[in-house]
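Beneath this line is the structure, given in structure tokens, with notes to follow.
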Amino acid sequence: MEFSEHIKTANVEDVVLRQPLHPPLRGTLCITGHHLLFSDREEDEGRSSGQVLLLLRNIDAVEKSVENLLGYSGLFSSPGHAERTSGSSGTITIKCKDLRVLQLDIPGMEQCLNIARSIETLSCLDCVSEMFPFFYRPSELNLQDQWGLSSPEEHYRQATELHNRWRLSSVNRDYSVCPTYPRAVVVPREISDDMLVKASRFRQGGRFPVLCYVHRKNGMVIVRSAQPLTGANRKRCKEDETLLQAVIGGSDKGYVIDTRSAQQAQQARMTGGGFESKSCYSQWKRLHRHMERGKALQESLIKLVEACGDESSNMDRWLSKLENSKWLSHVQTALSTAGLLAECVERDGRSVLVHGSEGTESTLLVSTLAQLIMDPGCRTLEGFLALLEREWVQAGHPFQQRCAHSAFSHARLQHESPVFLLLLDCAWQLWRQFPLALGFSEALLLRLADEAYASSYGTFLCNSEQERSVAGVREKTHCLFQALLRSRHRDSYCNPLYERTELAIWPSVHPQSLQLWRGFFLRWTPQTRLLEEAQEEIRNMIVEWEKLVMS
Amino acid sequence: MEHIRTPKVENVRLLERSSGQRRISTGTLYLSATHTIFVESNPDTRRETWVLHSLVSGVERTPSTPAGSQLMLRCKDFKVFQILIPQEKDCSDVHSSLVRLSHPEKYSELYCLSFNPSVNKEEREESWRFIDLMADYKRMGVPNNLWVTTAANSEYRVCDTYPSEVFVPKSATPAVIVCSSRFRSRGRFPALTYFHQDTLAAVCRCSQPLSGFSGRCQEDELMLQAIMKSNPGSDYIYVVDTRPKLNAMANRAAGKGYENEDHYTNIKLQFIGIENIHVMRSSQQKIIDIGDMRAPSMTDFLWGLENSGWLKHIKAVLDAGVFIARAVADEGVSVLVHCSDGWDRTAQACSVASVLLDPYYRTIKGLMVLIERDWVSFGHKFSHRYAHLDGDPKEVSPVIDQFLECVWQLSEQFPCAFEFNEHFLISLHTHVYSCQFGTFLGNCQKERRDMRLSERTHSLWPQLWEDRAEYTNPLYKAELSQSQAVLRPNTTPYCFKMWKGLYNHMDKTTPARQSPADVLSAVREESQQLEEELTNHQEVPPGGTAHHNHQHPGSRQGIPHTKPLHTLNAR
């Protein structure tokens, strides 16, 4: 295998591993093309805790410090070369994308440097087909199994209430109209494929308005797109206007929720973007909500993780760092914008178009959260995973770019941005405020956060369906969502207290109601273990009770 | 009754505010000797809102509107009521009545002296014996050959703010006690508060020594020696001065101060840095203001939280407890705790340490015992600190609030370690201020005895005990207490949160929010019932009806509506 050229030293004995919540272990370290494997010496005692298998892709940063003990060995013994290297040793600090920090004390400077170099190279390989999901072949899964939970076609087929006014269009069957959309999308029935093609040229990245949600209680819909390319000259597009008119049908008004401030939207015109002007889209009322995206969001995450790692006991410093990271402000904005969207649909009885600029970040964040708030169908374990599949995987969130690195990386930031993590955080806030209304558990959200950044499965690979199709993801990797549903840990991904409610769950966005997601950001502290134990206790109580009721 | 200018006003609008939840209703306002009562005029509900005068901390008149004149009632439990009265004159009458009624001048005006639940004399006397401190000392293993009771303070002769019965080192003679007490502020000599049976180390408390820059007292030095000798496992003791070192040094100029390590042999002095009551009072006001903000941004909120300093102070109190608990449990060294007078910060530090050291104090009954010991019996000035009577506002400070919050922060960190839930702590908080029961009246045991409170008022403790089902944490694991006898909390700043439940009352009248605790309590209760039934059924001869279907609903739908709804309504 070609990975071997990156591995100068594959095995090292007598390595000490330090990891949070465990006593240090001494044992053998082994580097493979995709994994770091550590096993301690006392294997024969049958302790499983002595094994650590870490996906190299999970490693965000490697820091090495070499202690050169040459001086000492020169003084006390004959300075042979072998003794020189054995007299020196090094420590590698591994910072993972799941925020775990590990330390390896490795005897021998050269080995230490070799290991560090291998990890650095192998953890950031860019080529998709070399990534672990293409090699992962667990015995319990079969490549012929169903991939994904549902396709846009199946989803449309099941939503019969749509069929009257909406149709499934295959205009994008070869990804030529919009490279980041799936092959099939749902659009108003009276809009022909030709019109869609024209409308797509008027939207950034070809992301013309498509249906993402219909509210069964009143038939109102959520449609999402990218920004219109009105530009400085206030260009118009008749087809785009007709398309949007068809979305509201006979109704007299719809809302556009623009996830940029009015000022930002204005400025976007200078670079060819823009917004739906009142004069051209007279039936639509525009609401602007500024949501942070891109680099600013990534920097927010970096600051927050840095603050959480500060073990000093200064309360003022902590609160000021927490504030300064702005992460909780982003959570607040995301939830309140989603609440606004849901209010338009559920309370005001209007259809809504949501977009920002590209329509692949904050747009998806808001539309997903609004569906969680309104639709009980999205709140079950299966429903939530299906929602993520539709609104993030199929809708073309560029996972590979956004999740290339996390908070520790020293690499220069490129396209990284923790939008998906922000979504999971917001879902956690909902779960905490409505502990009975969501069918999934915190463990699921944590697992998803891990998998988005480093995975054995193909689900979050690539940036769009088109890229996945080219890489053969469906044929050559396993699907995370299927695996989660079939997992023997499935129970731990369910909320034992879940009880379906048909009501909308309106989150409180008051700052006091929002909390730091300890489970994720402080995951490797003993305190979080105690909270997990409490969750375990809840699960046991319900299981016991169910047993008794059944007997 | 002479303070009530107008007993009844009609067509009043009440706006109840609690964390973004607001409700407005129209009805009639009544003023009684003890309560402001608002009765909704809606004939379907006739909802009543009762506000105890003694819980009102402030009555403000806000600018009139065309709809009438406004009054704002701020309560000591952080609730806020806004009242809109159509006639200017009525409003002014209600205002002046309430200002007077909410600032009682004599104990006899307090609610507990008129509160008369339907219990007879025997029951009331029994209620005062519900918490037995001597039984608790016995539980921790004293008296023994190291610690004994002393008669020195009988009839409060040596220290009038101490209990009449206290435990001291066996080797401390009455002469040593008396002289030591003269060398301590307010005569509060070193006395035992907690004895740790596993290590034989003890927690003792006192007030600051009257040392000034160079004063010394041989008997006081002997007293500290005696404390050390009463712990066979250690040859020194810690003296924990809970004040910031600068404050302690400043006290020397006033002839007070702290122990000079040159004079006291075998002590290790440790300053903790809990701020004084004035700092705490203004800090709490800032955190109340945060709760009052209409629609704060996250930045406003976090900045306000930092600026209030409140969580920093909570952390300082908890850190003090952690230091003491570590010394006692891990090092086996006895600790003598003091601040200035030894009744505020000292009470906080000692009682937090007890909660950390002994699982008993994490039970419902245990916390009552602890408060009775470290706060009530050792002379915490309840009436001054919680403004039971109109008095010096500089004496007021949220000292016990901070202790209760420390316990809450701990219960958030150890969700299975406490038998009680948040409601219990909030109820305790309310009753400290409400004066509905005599338990927290006065400033020390002697005052309570002189007022004959046990004959004239009722004790809070049996009442809380009766309602314990409502205060039980369904996740409490009693057996965990054995394995996790000593709690070792993390006090990194990120472990602290604002106590939303206390500073922002959720509106209890709106439909119950989704509460896992209610479901779990119901599940726990039903599981117990089913288990009992199962046991009974199994006693039926084979072939009998041992495994027939229960009447119980198999669907969880039924569960939340059995018990919890009832308790919610009652609240």
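Just so we're on the same page: first chain in the structure tokens is A, next is B, and so on; residues restart at 1 for each chain, and ligands are numbered from 1 in the order they show up.
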Which residues are near Lys446 of chain B? Cut-off 8 Å, only C-alpha atoms, ignore same chain within fewer than 5 positions. Put them as a list in words. Tyr156, Asp160, Thr161 and Pro163 of chain B
For chain A versus chain B, which residues have an atom no more than 6 Å away, and what is each residue's nearest atom pair and distance in Å rounded to one decimal, using only C-alpha atoms, chain-then-number order, as JSON lines?
```
{"residue": "A:Ser313", "atom": "CA", "partner": "B:Thr492", "partner_atom": "CA", "distance": 5.4}
{"residue": "A:Met315", "atom": "CA", "partner": "B:Pro493", "partner_atom": "CA", "distance": 5.1}
{"residue": "A:Asp316", "atom": "CA", "partner": "B:Glu306", "partner_atom": "CA", "distance": 5.6}
{"residue": "A:Leu319", "atom": "CA", "partner": "B:Glu306", "partner_atom": "CA", "distance": 5.8}
{"residue": "A:Glu323", "atom": "CA", "partner": "B:Leu302", "partner_atom": "CA", "distance": 5.9}
{"residue": "A:Ser329", "atom": "CA", "partner": "B:Met298", "partner_atom": "CA", "distance": 5.4}
{"residue": "A:Phe434", "atom": "CA", "partner": "B:Gln514", "partner_atom": "CA", "distance": 5.8}
{"residue": "A:Pro511", "atom": "CA", "partner": "B:Met298", "partner_atom": "CA", "distance": 5.3}
{"residue": "A:Trp545", "atom": "CA", "partner": "B:Ser527", "partner_atom": "CA", "distance": 5.2}
```
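Taking only C-alpha atoms into account, His355 of chain A lies nearest to A:Ala226 out of the set A:Val470, A:Leu21, A:Leu341, A:Ala226.
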Let's see if you can do this: from backbone DSSP, list all strand (DSSP E or B) residues in segment 242-322 of chain A, as a PDB file with N, CA, C and O atoms, in the first residue's frame.
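Saved the output as result11.pdb:
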```
ATOM      1  N   GLY A 254     -45.727  35.984   1.214  1.00  0.00           N
ATOM      2  CA  GLY A 254     -44.762  35.038   1.737  1.00  0.00           C
ATOM      3  C   GLY A 254     -43.620  35.809   2.363  1.00  0.00           C
ATOM      4  O   GLY A 254     -43.516  37.018   2.193  1.00  0.00           O
ATOM      5  N   TYR A 255     -42.806  35.105   3.143  1.00  0.00           N
ATOM      6  CA  TYR A 255     -41.647  35.760   3.757  1.00  0.00           C
ATOM      7  C   TYR A 255     -40.360  35.246   3.139  1.00  0.00           C
ATOM      8  O   TYR A 255     -40.247  34.069   2.828  1.00  0.00           O
ATOM      9  N   VAL A 256     -39.402  36.154   2.985  1.00  0.00           N
ATOM     10  CA  VAL A 256     -38.033  35.737   2.686  1.00  0.00           C
ATOM     11  C   VAL A 256     -37.242  35.965   3.954  1.00  0.00           C
ATOM     12  O   VAL A 256     -37.217  37.084   4.468  1.00  0.00           O
ATOM     13  N   ILE A 257     -36.648  34.902   4.483  1.00  0.00           N
ATOM     14  CA  ILE A 257     -35.731  35.110   5.603  1.00  0.00           C
ATOM     15  C   ILE A 257     -34.320  35.067   5.057  1.00  0.00           C
ATOM     16  O   ILE A 257     -33.862  34.040   4.547  1.00  0.00           O
ATOM     17  N   ASP A 258     -33.674  36.205   5.108  1.00  0.00           N
ATOM     18  CA  ASP A 258     -32.313  36.345   4.607  1.00  0.00           C
ATOM     19  C   ASP A 258     -31.390  36.276   5.810  1.00  0.00           C
ATOM     20  O   ASP A 258     -31.509  37.094   6.738  1.00  0.00           O
ATOM     21  N   TRP A 284     -43.592  39.286  -1.515  1.00  0.00           N
ATOM     22  CA  TRP A 284     -42.700  38.725  -0.506  1.00  0.00           C
ATOM     23  C   TRP A 284     -42.195  39.807   0.428  1.00  0.00           C
ATOM     24  O   TRP A 284     -41.782  40.869   0.002  1.00  0.00           O
ATOM     25  N   LYS A 285     -42.234  39.480   1.710  1.00  0.00           N
ATOM     26  CA  LYS A 285     -41.707  40.421   2.699  1.00  0.00           C
ATOM     27  C   LYS A 285     -40.367  39.877   3.203  1.00  0.00           C
ATOM     28  O   LYS A 285     -40.271  38.714   3.592  1.00  0.00           O
ATOM     29  N   ARG A 286     -39.361  40.713   3.107  1.00  0.00           N
ATOM     30  CA  ARG A 286     -38.018  40.264   3.472  1.00  0.00           C
ATOM     31  C   ARG A 286     -37.703  40.547   4.936  1.00  0.00           C
ATOM     32  O   ARG A 286     -37.968  41.628   5.442  1.00  0.00           O
ATOM     33  N   LEU A 287     -37.155  39.550   5.623  1.00  0.00           N
ATOM     34  CA  LEU A 287     -36.702  39.736   7.014  1.00  0.00           C
ATOM     35  C   LEU A 287     -35.214  39.400   7.068  1.00  0.00           C
ATOM     36  O   LEU A 287     -34.811  38.342   6.583  1.00  0.00           O
ATOM     37  N   HIS A 288     -34.439  40.288   7.607  1.00  0.00           N
ATOM     38  CA  HIS A 288     -32.992  40.041   7.680  1.00  0.00           C
ATOM     39  C   HIS A 288     -32.582  39.659   9.092  1.00  0.00           C
ATOM     40  O   HIS A 288     -32.977  40.296  10.057  1.00  0.00           O
TER      41      HIS A 288
END
```
Please list as a list in words every residue within 10 Å of Lys321 of chain A, counting only C-alpha atoms and excluding residues in the same chain fewer than 4 positions away.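 Those residues are Lys303, Leu304, Glu306, Ala307, Cys308, Asp310, Met315, Asp316, Arg317, Ser325 and Lys326 of chain A; Leu302 of chain B.
Considering the residues A:Arg100, A:Arg447, A:His6, A:Arg269 and counting only C-alpha atoms, Arg18 of chain A has its shortest atom-to-atom contact with A:Arg100.
Atom CA of Phe323 of chain B sits 28.4 Å away from atom CA of Phe440 of chain B.
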Write out as a PDB file with all heavy atoms, in the first residue's frame each polymer residue whose atoms come within 12 Å of Ser214 of chain B, counting only C-alpha atoms; drop sequence neighbours fewer than 5 positions from it.
```pdb
ATOM      1  N   PRO B 209      -9.329  36.366  66.659  1.00  0.00           N
ATOM      2  CA  PRO B 209      -8.697  36.680  67.947  1.00  0.00           C
ATOM      3  C   PRO B 209      -8.524  38.188  68.085  1.00  0.00           C
ATOM      4  O   PRO B 209      -8.353  38.892  67.106  1.00  0.00           O
ATOM      5  CB  PRO B 209      -7.336  35.989  67.848  1.00  0.00           C
ATOM      6  CG  PRO B 209      -7.040  35.939  66.386  1.00  0.00           C
ATOM      7  CD  PRO B 209      -8.368  35.819  65.693  1.00  0.00           C
ATOM      8  N   ARG B 252      -6.250  44.123  62.305  1.00  0.00           N
ATOM      9  CA  ARG B 252      -5.298  44.212  63.424  1.00  0.00           C
ATOM     10  C   ARG B 252      -5.225  45.624  63.980  1.00  0.00           C
ATOM     11  O   ARG B 252      -5.032  45.828  65.163  1.00  0.00           O
ATOM     12  CB  ARG B 252      -3.906  43.758  62.972  1.00  0.00           C
ATOM     13  CG  ARG B 252      -3.866  42.260  62.725  1.00  0.00           C
ATOM     14  CD  ARG B 252      -2.456  41.764  62.670  1.00  0.00           C
ATOM     15  NE  ARG B 252      -1.705  42.397  61.582  1.00  0.00           N
ATOM     16  CZ  ARG B 252      -0.507  42.000  61.185  1.00  0.00           C
ATOM     17  NH1 ARG B 252       0.068  40.981  61.777  1.00  0.00           N
ATOM     18  NH2 ARG B 252       0.113  42.619  60.216  1.00  0.00           N
ATOM     19  N   ALA B 253      -5.434  46.581  63.093  1.00  0.00           N
ATOM     20  CA  ALA B 253      -5.388  47.969  63.543  1.00  0.00           C
ATOM     21  C   ALA B 253      -6.507  48.259  64.532  1.00  0.00           C
ATOM     22  O   ALA B 253      -6.411  49.161  65.355  1.00  0.00           O
ATOM     23  CB  ALA B 253      -5.481  48.895  62.340  1.00  0.00           C
ATOM     24  N   GLY B 255      -7.445  46.195  66.757  1.00  0.00           N
ATOM     25  CA  GLY B 255      -7.263  45.316  67.912  1.00  0.00           C
ATOM     26  C   GLY B 255      -7.766  43.910  67.686  1.00  0.00           C
ATOM     27  O   GLY B 255      -7.875  43.115  68.602  1.00  0.00           O
ATOM     28  N   LYS B 256      -8.084  43.606  66.458  1.00  0.00           N
ATOM     29  CA  LYS B 256      -8.525  42.240  66.141  1.00  0.00           C
ATOM     30  C   LYS B 256      -7.473  41.616  65.231  1.00  0.00           C
ATOM     31  O   LYS B 256      -6.314  41.973  65.297  1.00  0.00           O
ATOM     32  CB  LYS B 256      -9.893  42.289  65.470  1.00  0.00           C
ATOM     33  CG  LYS B 256     -10.952  42.918  66.354  1.00  0.00           C
ATOM     34  CD  LYS B 256     -12.167  43.308  65.547  1.00  0.00           C
ATOM     35  CE  LYS B 256     -13.125  44.115  66.413  1.00  0.00           C
ATOM     36  NZ  LYS B 256     -14.209  44.666  65.561  1.00  0.00           N
ATOM     37  N   GLY B 257      -7.875  40.691  64.364  1.00  0.00           N
ATOM     38  CA  GLY B 257      -6.862  40.185  63.446  1.00  0.00           C
ATOM     39  C   GLY B 257      -6.890  38.688  63.282  1.00  0.00           C
ATOM     40  O   GLY B 257      -7.959  38.086  63.185  1.00  0.00           O
ATOM     41  N   TYR B 258      -5.686  38.109  63.249  1.00  0.00           N
ATOM     42  CA  TYR B 258      -5.610  36.664  63.039  1.00  0.00           C
ATOM     43  C   TYR B 258      -4.466  36.101  63.874  1.00  0.00           C
ATOM     44  O   TYR B 258      -3.675  36.850  64.456  1.00  0.00           O
ATOM     45  CB  TYR B 258      -5.434  36.336  61.566  1.00  0.00           C
ATOM     46  CG  TYR B 258      -4.276  37.044  60.903  1.00  0.00           C
ATOM     47  CD1 TYR B 258      -3.026  36.434  60.841  1.00  0.00           C
ATOM     48  CD2 TYR B 258      -4.432  38.305  60.343  1.00  0.00           C
ATOM     49  CE1 TYR B 258      -1.961  37.074  60.237  1.00  0.00           C
ATOM     50  CE2 TYR B 258      -3.379  38.952  59.734  1.00  0.00           C
ATOM     51  CZ  TYR B 258      -2.132  38.331  59.686  1.00  0.00           C
ATOM     52  OH  TYR B 258      -1.085  38.973  59.102  1.00  0.00           O
ATOM     53  N   GLU B 259      -4.374  34.800  63.924  1.00  0.00           N
ATOM     54  CA  GLU B 259      -3.407  34.123  64.775  1.00  0.00           C
ATOM     55  C   GLU B 259      -1.983  34.371  64.264  1.00  0.00           C
ATOM     56  O   GLU B 259      -1.703  34.149  63.087  1.00  0.00           O
ATOM     57  CB  GLU B 259      -3.695  32.614  64.813  1.00  0.00           C
ATOM     58  CG  GLU B 259      -4.957  32.233  65.562  1.00  0.00           C
ATOM     59  CD  GLU B 259      -6.237  32.486  64.780  1.00  0.00           C
ATOM     60  OE1 GLU B 259      -6.136  32.967  63.637  1.00  0.00           O
ATOM     61  OE2 GLU B 259      -7.320  32.221  65.321  1.00  0.00           O
ATOM     62  N   ASN B 260      -1.131  34.761  65.166  1.00  0.00           N
ATOM     63  CA  ASN B 260       0.266  34.943  64.828  1.00  0.00           C
ATOM     64  C   ASN B 260       0.959  33.575  64.896  1.00  0.00           C
ATOM     65  O   ASN B 260       0.982  32.936  65.952  1.00  0.00           O
ATOM     66  CB  ASN B 260       0.884  35.910  65.839  1.00  0.00           C
ATOM     67  CG  ASN B 260       2.311  36.241  65.473  1.00  0.00           C
ATOM     68  OD1 ASN B 260       2.987  35.452  64.807  1.00  0.00           O
ATOM     69  ND2 ASN B 260       2.762  37.402  65.909  1.00  0.00           N
ATOM     70  N   GLU B 261       1.534  33.166  63.787  1.00  0.00           N
ATOM     71  CA  GLU B 261       2.106  31.812  63.749  1.00  0.00           C
ATOM     72  C   GLU B 261       3.319  31.668  64.670  1.00  0.00           C
ATOM     73  O   GLU B 261       3.754  30.556  64.962  1.00  0.00           O
ATOM     74  CB  GLU B 261       2.452  31.418  62.306  1.00  0.00           C
ATOM     75  CG  GLU B 261       1.221  30.902  61.559  1.00  0.00           C
ATOM     76  CD  GLU B 261       1.476  30.659  60.076  1.00  0.00           C
ATOM     77  OE1 GLU B 261       1.615  31.649  59.325  1.00  0.00           O
ATOM     78  OE2 GLU B 261       1.526  29.475  59.705  1.00  0.00           O
ATOM     79  N   ASP B 262       3.872  32.781  65.114  1.00  0.00           N
ATOM     80  CA  ASP B 262       4.996  32.698  66.045  1.00  0.00           C
ATOM     81  C   ASP B 262       4.521  32.353  67.450  1.00  0.00           C
ATOM     82  O   ASP B 262       5.246  31.756  68.235  1.00  0.00           O
ATOM     83  CB  ASP B 262       5.739  34.037  66.107  1.00  0.00           C
ATOM     84  CG  ASP B 262       6.346  34.391  64.768  1.00  0.00           C
ATOM     85  OD1 ASP B 262       6.575  33.444  63.975  1.00  0.00           O
ATOM     86  OD2 ASP B 262       6.554  35.591  64.502  1.00  0.00           O
ATOM     87  N   HIS B 263       3.300  32.768  67.746  1.00  0.00           N
ATOM     88  CA  HIS B 263       2.786  32.505  69.100  1.00  0.00           C
ATOM     89  C   HIS B 263       2.087  31.164  69.201  1.00  0.00           C
ATOM     90  O   HIS B 263       2.176  30.477  70.200  1.00  0.00           O
ATOM     91  CB  HIS B 263       1.806  33.614  69.520  1.00  0.00           C
ATOM     92  CG  HIS B 263       2.434  34.975  69.537  1.00  0.00           C
ATOM     93  ND1 HIS B 263       1.709  36.136  69.500  1.00  0.00           N
ATOM     94  CD2 HIS B 263       3.743  35.355  69.582  1.00  0.00           C
ATOM     95  CE1 HIS B 263       2.522  37.183  69.519  1.00  0.00           C
ATOM     96  NE2 HIS B 263       3.777  36.733  69.557  1.00  0.00           N
TER      97      HIS B 263
END
```
For Leu356 of chain B, the nearest of the candidates B:Leu210, B:Leu487, B:Ile274, B:Val369, counting only C-alpha atoms: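 Comparing B:Leu210, B:Leu487, B:Ile274, B:Val369 against Leu356 of chain B, the winner is B:Leu487.
Proximity to Leu162 of chain A at 12 Å, evaluated using only C-alpha atoms and with sequence-adjacent residues fewer than 2 positions away removed, yields His155, Tyr156, Arg157, Gln158, Ala159, Thr160, Asn164, Arg165, Trp166, Arg167, Leu168, Val186, Val187, Pro188, Arg189, Leu211, Cys212, Tyr213, Val214, His215, Arg216, Gly219, Met220, Val221 and Val247 of chain A.
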Written file, previous selection with C-alpha atoms, as a PDB file, in the first residue's frame:
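Written out: result.pdb:
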```pdb
ATOM      1  CA  HIS A 155     -39.354  11.144   0.108  1.00  0.00           C
ATOM      2  CA  TYR A 156     -41.550  12.772  -2.514  1.00  0.00           C
ATOM      3  CA  ARG A 157     -43.456   9.558  -3.165  1.00  0.00           C
ATOM      4  CA  GLN A 158     -44.376   9.288   0.515  1.00  0.00           C
ATOM      5  CA  ALA A 159     -45.422  12.910   0.880  1.00  0.00           C
ATOM      6  CA  THR A 160     -48.672  12.476  -1.045  1.00  0.00           C
ATOM      7  CA  ASN A 164     -51.265  18.356  -6.072  1.00  0.00           C
ATOM      8  CA  ARG A 165     -49.099  21.431  -6.259  1.00  0.00           C
ATOM      9  CA  TRP A 166     -45.569  20.114  -6.355  1.00  0.00           C
ATOM     10  CA  ARG A 167     -43.677  17.845  -8.671  1.00  0.00           C
ATOM     11  CA  LEU A 168     -40.401  15.982  -8.691  1.00  0.00           C
ATOM     12  CA  VAL A 186     -39.202  19.153  -5.593  1.00  0.00           C
ATOM     13  CA  VAL A 187     -40.551  22.294  -7.283  1.00  0.00           C
ATOM     14  CA  PRO A 188     -43.961  23.898  -7.978  1.00  0.00           C
ATOM     15  CA  ARG A 189     -45.919  21.825 -10.463  1.00  0.00           C
ATOM     16  CA  LEU A 211     -39.000  22.722  -1.477  1.00  0.00           C
ATOM     17  CA  CYS A 212     -37.621  21.450   1.804  1.00  0.00           C
ATOM     18  CA  TYR A 213     -40.627  21.229   4.120  1.00  0.00           C
ATOM     19  CA  VAL A 214     -44.388  21.312   4.014  1.00  0.00           C
ATOM     20  CA  HIS A 215     -46.251  22.016   7.239  1.00  0.00           C
ATOM     21  CA  ARG A 216     -49.088  19.509   7.328  1.00  0.00           C
ATOM     22  CA  GLY A 219     -50.040  23.383   3.941  1.00  0.00           C
ATOM     23  CA  MET A 220     -47.453  26.161   4.181  1.00  0.00           C
ATOM     24  CA  VAL A 221     -43.960  25.386   2.956  1.00  0.00           C
ATOM     25  CA  VAL A 247     -44.545  28.795  -4.265  1.00  0.00           C
TER      26      VAL A 247
END
```
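Taking only C-alpha atoms, the non-local environment of Asn540 of chain A within 10 Å (same-chain residues fewer than 6 positions away omitted) comprises Pro496, Ala534 and Glu546 of chain A.
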All residues 8 Å or closer to His478 of chain A, only C-alpha atoms, same chain fewer than 6 positions away omitted, as JSON, numbers by chain: {"A": [133, 136, 141, 142, 143, 147, 457, 458, 459]}
When DSSP is applied to the backbone of this structure, which of segment 192-399 of chain B are assigned helix (DSSP H, G or I)? Write them out as an NGL selection string. :B and (218-229 or 245-252 or 277-292 or 298-308 or 310-331 or 345-357 or 359-362 or 364-377 or 382-385 or 393-395 or 399)
